[in-house]
Amino acid sequence: MGVLDGKRVAILATDGVEEVELTRPRSAVEDAGATTDLVSLSTDSIRSMNSDIEPSATYPVDRTAADAAAVDYDALILPGGTVNADRLRLDADVLRFVTDMVNAGKPVGAICHAPWTLVEADLVKGRTLTSFPSLRTDIRNAGGNPVDDEVVVDGRLVTSRNPDDLPAFCAAIVKEFAAG
């Protein structure tokens, strides 16, 4: 019996998602008993990348952001990838879904470039979080407190800097998702 049995986790990603930041957190929560849905901009499969520039695998999408609702999920994972995060933060349905998850008090895990979506949704003010170094000015400008730590838990928000932090990030999201 896993600590996340019965939990349903949304993973929000699109083309350009960093593959390991999609697959490792997904495996971590599924191994702990959760079921996951890949939520994206359309129902077309998405293409992941390695190191932002090398095309990798494709993944089927379960639901669009337009059709996703916070009431349907217990937690949210935002994987990184520069192109992925940049595309997601421009979509109104993505911003609504992420905002609804945060406002509902659902735990959210965001790694690498994923906090860009949180910045765009105006969800970092007064929060301490970490990210890929190039986002730290954006976080600061949005009223957040960026730090350079392996993993940061601020309320229901779990953040990490990059794929090297995945072991700590995965452990932290499983723990936070189990508590939620």
# chains A, B, ... in the order shown; residues from 1 in each chain; ligands from 1
>>> residues_around(residues="Val9 in chain A", least_positions_apart="4", cutoff="7 Å", atoms="only C-alpha atoms", output="JSON, numbers by chain")
{"A": [34, 35, 36, 37, 73, 74, 75, 76]}
>>> residues_around(residues="Val71 in chain A", least_positions_apart="4", cutoff="9 Å", atoms="only C-alpha atoms", output="list in words")
Asp100, Met101 and Ala104 of chain A
>>> residues_around(residues="Val3 in chain A", least_positions_apart="5", cutoff="8 Å", atoms="only C-alpha atoms", output="list in words")
Ala32, Gly33, Val174 and Ala178 of chain A
>>> select_by_dssp(residues="range 25-135 of chain A", states="strand (DSSP E)", output="list in words")
Thr35, Thr36, Asp37, Leu38, Val39, Ser40, Ile46, Arg47, Ser48, Met49, Asn50, Glu54, Pro55, Ser56, Ala57, Thr58, Tyr59, Arg63, Thr64, Ala75, Leu76, Ile77, Leu78, Val108, Gly109, Ala110, Ile111, Thr128 and Leu129 of chain A
>>> residues_around(residues="range 131-142 of chain A", least_positions_apart="3", cutoff="10 Å", atoms="only C-alpha atoms", output="MDAnalysis selection string")
chainID A and resid 80:82 110:116 118:128 145:152 159:163
>>> residues_around(residues="Pro79 in chain A", least_positions_apart="6", cutoff="9 Å", atoms="only C-alpha atoms", output="list in words")
Ile11, Leu12, Ala13, Val17, Glu18, Glu19, Val20, Glu21, Leu22, Pro25, Ala85, Gly109, Ala110, Ile111, Cys112, His113 and Ala114 of chain A
>>> residues_around(residues="Asp44 in chain A", least_positions_apart="3", cutoff="12 Å", atoms="only C-alpha atoms", output="list of chain:residue names")
A:Ala13, A:Thr14, A:Asp15, A:Leu38, A:Val39, A:Ser40, A:Leu41, A:Arg47, A:Thr58, A:Tyr59, A:Pro60, A:Val61, A:Asp62, A:Arg63, A:Thr64
>>> write_last_selection(atoms="C-alpha atoms", output="PDB file, in the first residue's frame")
ATOM      1  CA  ALA A  13       3.396  19.890 -19.752  1.00  0.00           C
ATOM      2  CA  THR A  14       3.659  20.516 -23.482  1.00  0.00           C
ATOM      3  CA  ASP A  15       6.189  20.155 -26.291  1.00  0.00           C
ATOM      4  CA  LEU A  38      -0.763  14.315 -18.430  1.00  0.00           C
ATOM      5  CA  VAL A  39      -2.502  17.659 -18.997  1.00  0.00           C
ATOM      6  CA  SER A  40      -1.474  19.814 -21.962  1.00  0.00           C
ATOM      7  CA  LEU A  41      -2.537  22.518 -24.390  1.00  0.00           C
ATOM      8  CA  ARG A  47       7.492  15.708 -27.497  1.00  0.00           C
ATOM      9  CA  THR A  58       6.574  11.429 -27.208  1.00  0.00           C
ATOM     10  CA  TYR A  59       3.897  11.060 -24.550  1.00  0.00           C
ATOM     11  CA  PRO A  60       0.126  10.757 -24.937  1.00  0.00           C
ATOM     12  CA  VAL A  61      -1.974  13.491 -23.358  1.00  0.00           C
ATOM     13  CA  ASP A  62      -4.897  12.567 -21.109  1.00  0.00           C
ATOM     14  CA  ARG A  63      -6.666  15.927 -20.873  1.00  0.00           C
ATOM     15  CA  THR A  64      -6.389  19.524 -22.011  1.00  0.00           C
TER      16      THR A  64
END
>>> atom_distance(atom1="CA of Thr43 in chain A", atom2="CA of Phe97 in chain A")
16.2 Å
>>> closest_residue(among="A:Gly180, A:Gly155, A:Gly16, A:Gly105", to="Leu129 in chain A", atoms="only C-alpha atoms")
A:Gly155
>>> closest_residue(among="A:Thr117, A:Asn103, A:Ser51, A:Ser45", to="Arg89 in chain A", atoms="only C-alpha atoms")
A:Thr117
>>> closest_residue(among="A:Pro167, A:Gly2, A:Pro55, A:Pro107", to="Asp154 in chain A", atoms="only C-alpha atoms")
A:Pro107
>>> atom_distance(atom1="CA of Asp5 in chain A", atom2="CA of Ala57 in chain A")
27.7 Å
>>> select_by_dssp(residues="range 80-163 of chain A", states="helix (DSSP H, G or I)", output="MDAnalysis selection string")
chainID A and resid 82:88 92:103 115:120 133:141 163
>>> decode(residues="range 37-54 of chain A", atoms="N, CA and C atoms", output="mmCIF file, in the first residue's frame")
data_model
loop_
_atom_site.group_PDB
_atom_site.id
_atom_site.type_symbol
_atom_site.label_atom_id
_atom_site.label_comp_id
_atom_site.auth_asym_id
_atom_site.auth_seq_id
_atom_site.Cartn_x
_atom_site.Cartn_y
_atom_site.Cartn_z
ATOM 1 N N ASP A 37 -2.416 12.081 -14.619
ATOM 2 C CA ASP A 37 -2.918 12.501 -15.922
ATOM 3 C C ASP A 37 -1.934 13.506 -16.484
ATOM 4 N N LEU A 38 -1.570 13.323 -17.735
ATOM 5 C CA LEU A 38 -0.763 14.315 -18.430
ATOM 6 C C LEU A 38 -1.725 15.331 -19.033
ATOM 7 N N VAL A 39 -1.636 16.563 -18.571
ATOM 8 C CA VAL A 39 -2.502 17.659 -18.997
ATOM 9 C C VAL A 39 -1.670 18.581 -19.879
ATOM 10 N N SER A 40 -2.232 18.985 -21.027
ATOM 11 C CA SER A 40 -1.474 19.814 -21.962
ATOM 12 C C SER A 40 -2.386 20.815 -22.667
ATOM 13 N N LEU A 41 -1.817 21.483 -23.654
ATOM 14 C CA LEU A 41 -2.537 22.518 -24.390
ATOM 15 C C LEU A 41 -3.551 21.939 -25.369
ATOM 16 N N SER A 42 -3.290 20.732 -25.861
ATOM 17 C CA SER A 42 -4.214 20.049 -26.762
ATOM 18 C C SER A 42 -4.133 18.556 -26.446
ATOM 19 N N THR A 43 -4.923 17.773 -27.133
ATOM 20 C CA THR A 43 -4.900 16.327 -26.897
ATOM 21 C C THR A 43 -3.835 15.619 -27.734
ATOM 22 N N ASP A 44 -3.098 16.365 -28.540
ATOM 23 C CA ASP A 44 -2.007 15.762 -29.317
ATOM 24 C C ASP A 44 -0.886 15.325 -28.373
ATOM 25 N N SER A 45 -0.211 14.237 -28.721
ATOM 26 C CA SER A 45 0.947 13.805 -27.936
ATOM 27 C C SER A 45 1.970 14.925 -27.878
ATOM 28 N N ILE A 46 2.743 14.940 -26.791
ATOM 29 C CA ILE A 46 3.781 15.961 -26.648
ATOM 30 C C ILE A 46 5.155 15.336 -26.836
ATOM 31 N N ARG A 47 6.106 16.138 -27.286
ATOM 32 C CA ARG A 47 7.492 15.708 -27.497
ATOM 33 C C ARG A 47 8.358 16.277 -26.393
ATOM 34 N N SER A 48 9.062 15.392 -25.708
ATOM 35 C CA SER A 48 9.986 15.834 -24.665
ATOM 36 C C SER A 48 11.352 16.120 -25.272
ATOM 37 N N MET A 49 12.186 16.763 -24.472
ATOM 38 C CA MET A 49 13.544 17.117 -24.903
ATOM 39 C C MET A 49 14.539 16.684 -23.834
ATOM 40 N N ASN A 50 15.777 16.508 -24.244
ATOM 41 C CA ASN A 50 16.889 16.305 -23.323
ATOM 42 C C ASN A 50 17.779 17.530 -23.415
ATOM 43 N N SER A 51 18.046 18.140 -22.282
ATOM 44 C CA SER A 51 18.879 19.350 -22.205
ATOM 45 C C SER A 51 18.360 20.465 -23.099
ATOM 46 N N ASP A 52 17.047 20.557 -23.230
ATOM 47 C CA ASP A 52 16.366 21.608 -23.994
ATOM 48 C C ASP A 52 16.568 21.560 -25.501
ATOM 49 N N ILE A 53 17.513 20.763 -26.016
ATOM 50 C CA ILE A 53 17.826 20.852 -27.442
ATOM 51 C C ILE A 53 17.782 19.536 -28.200
ATOM 52 N N GLU A 54 17.760 18.416 -27.499
ATOM 53 C CA GLU A 54 17.755 17.120 -28.175
ATOM 54 C C GLU A 54 16.373 16.489 -28.075
#
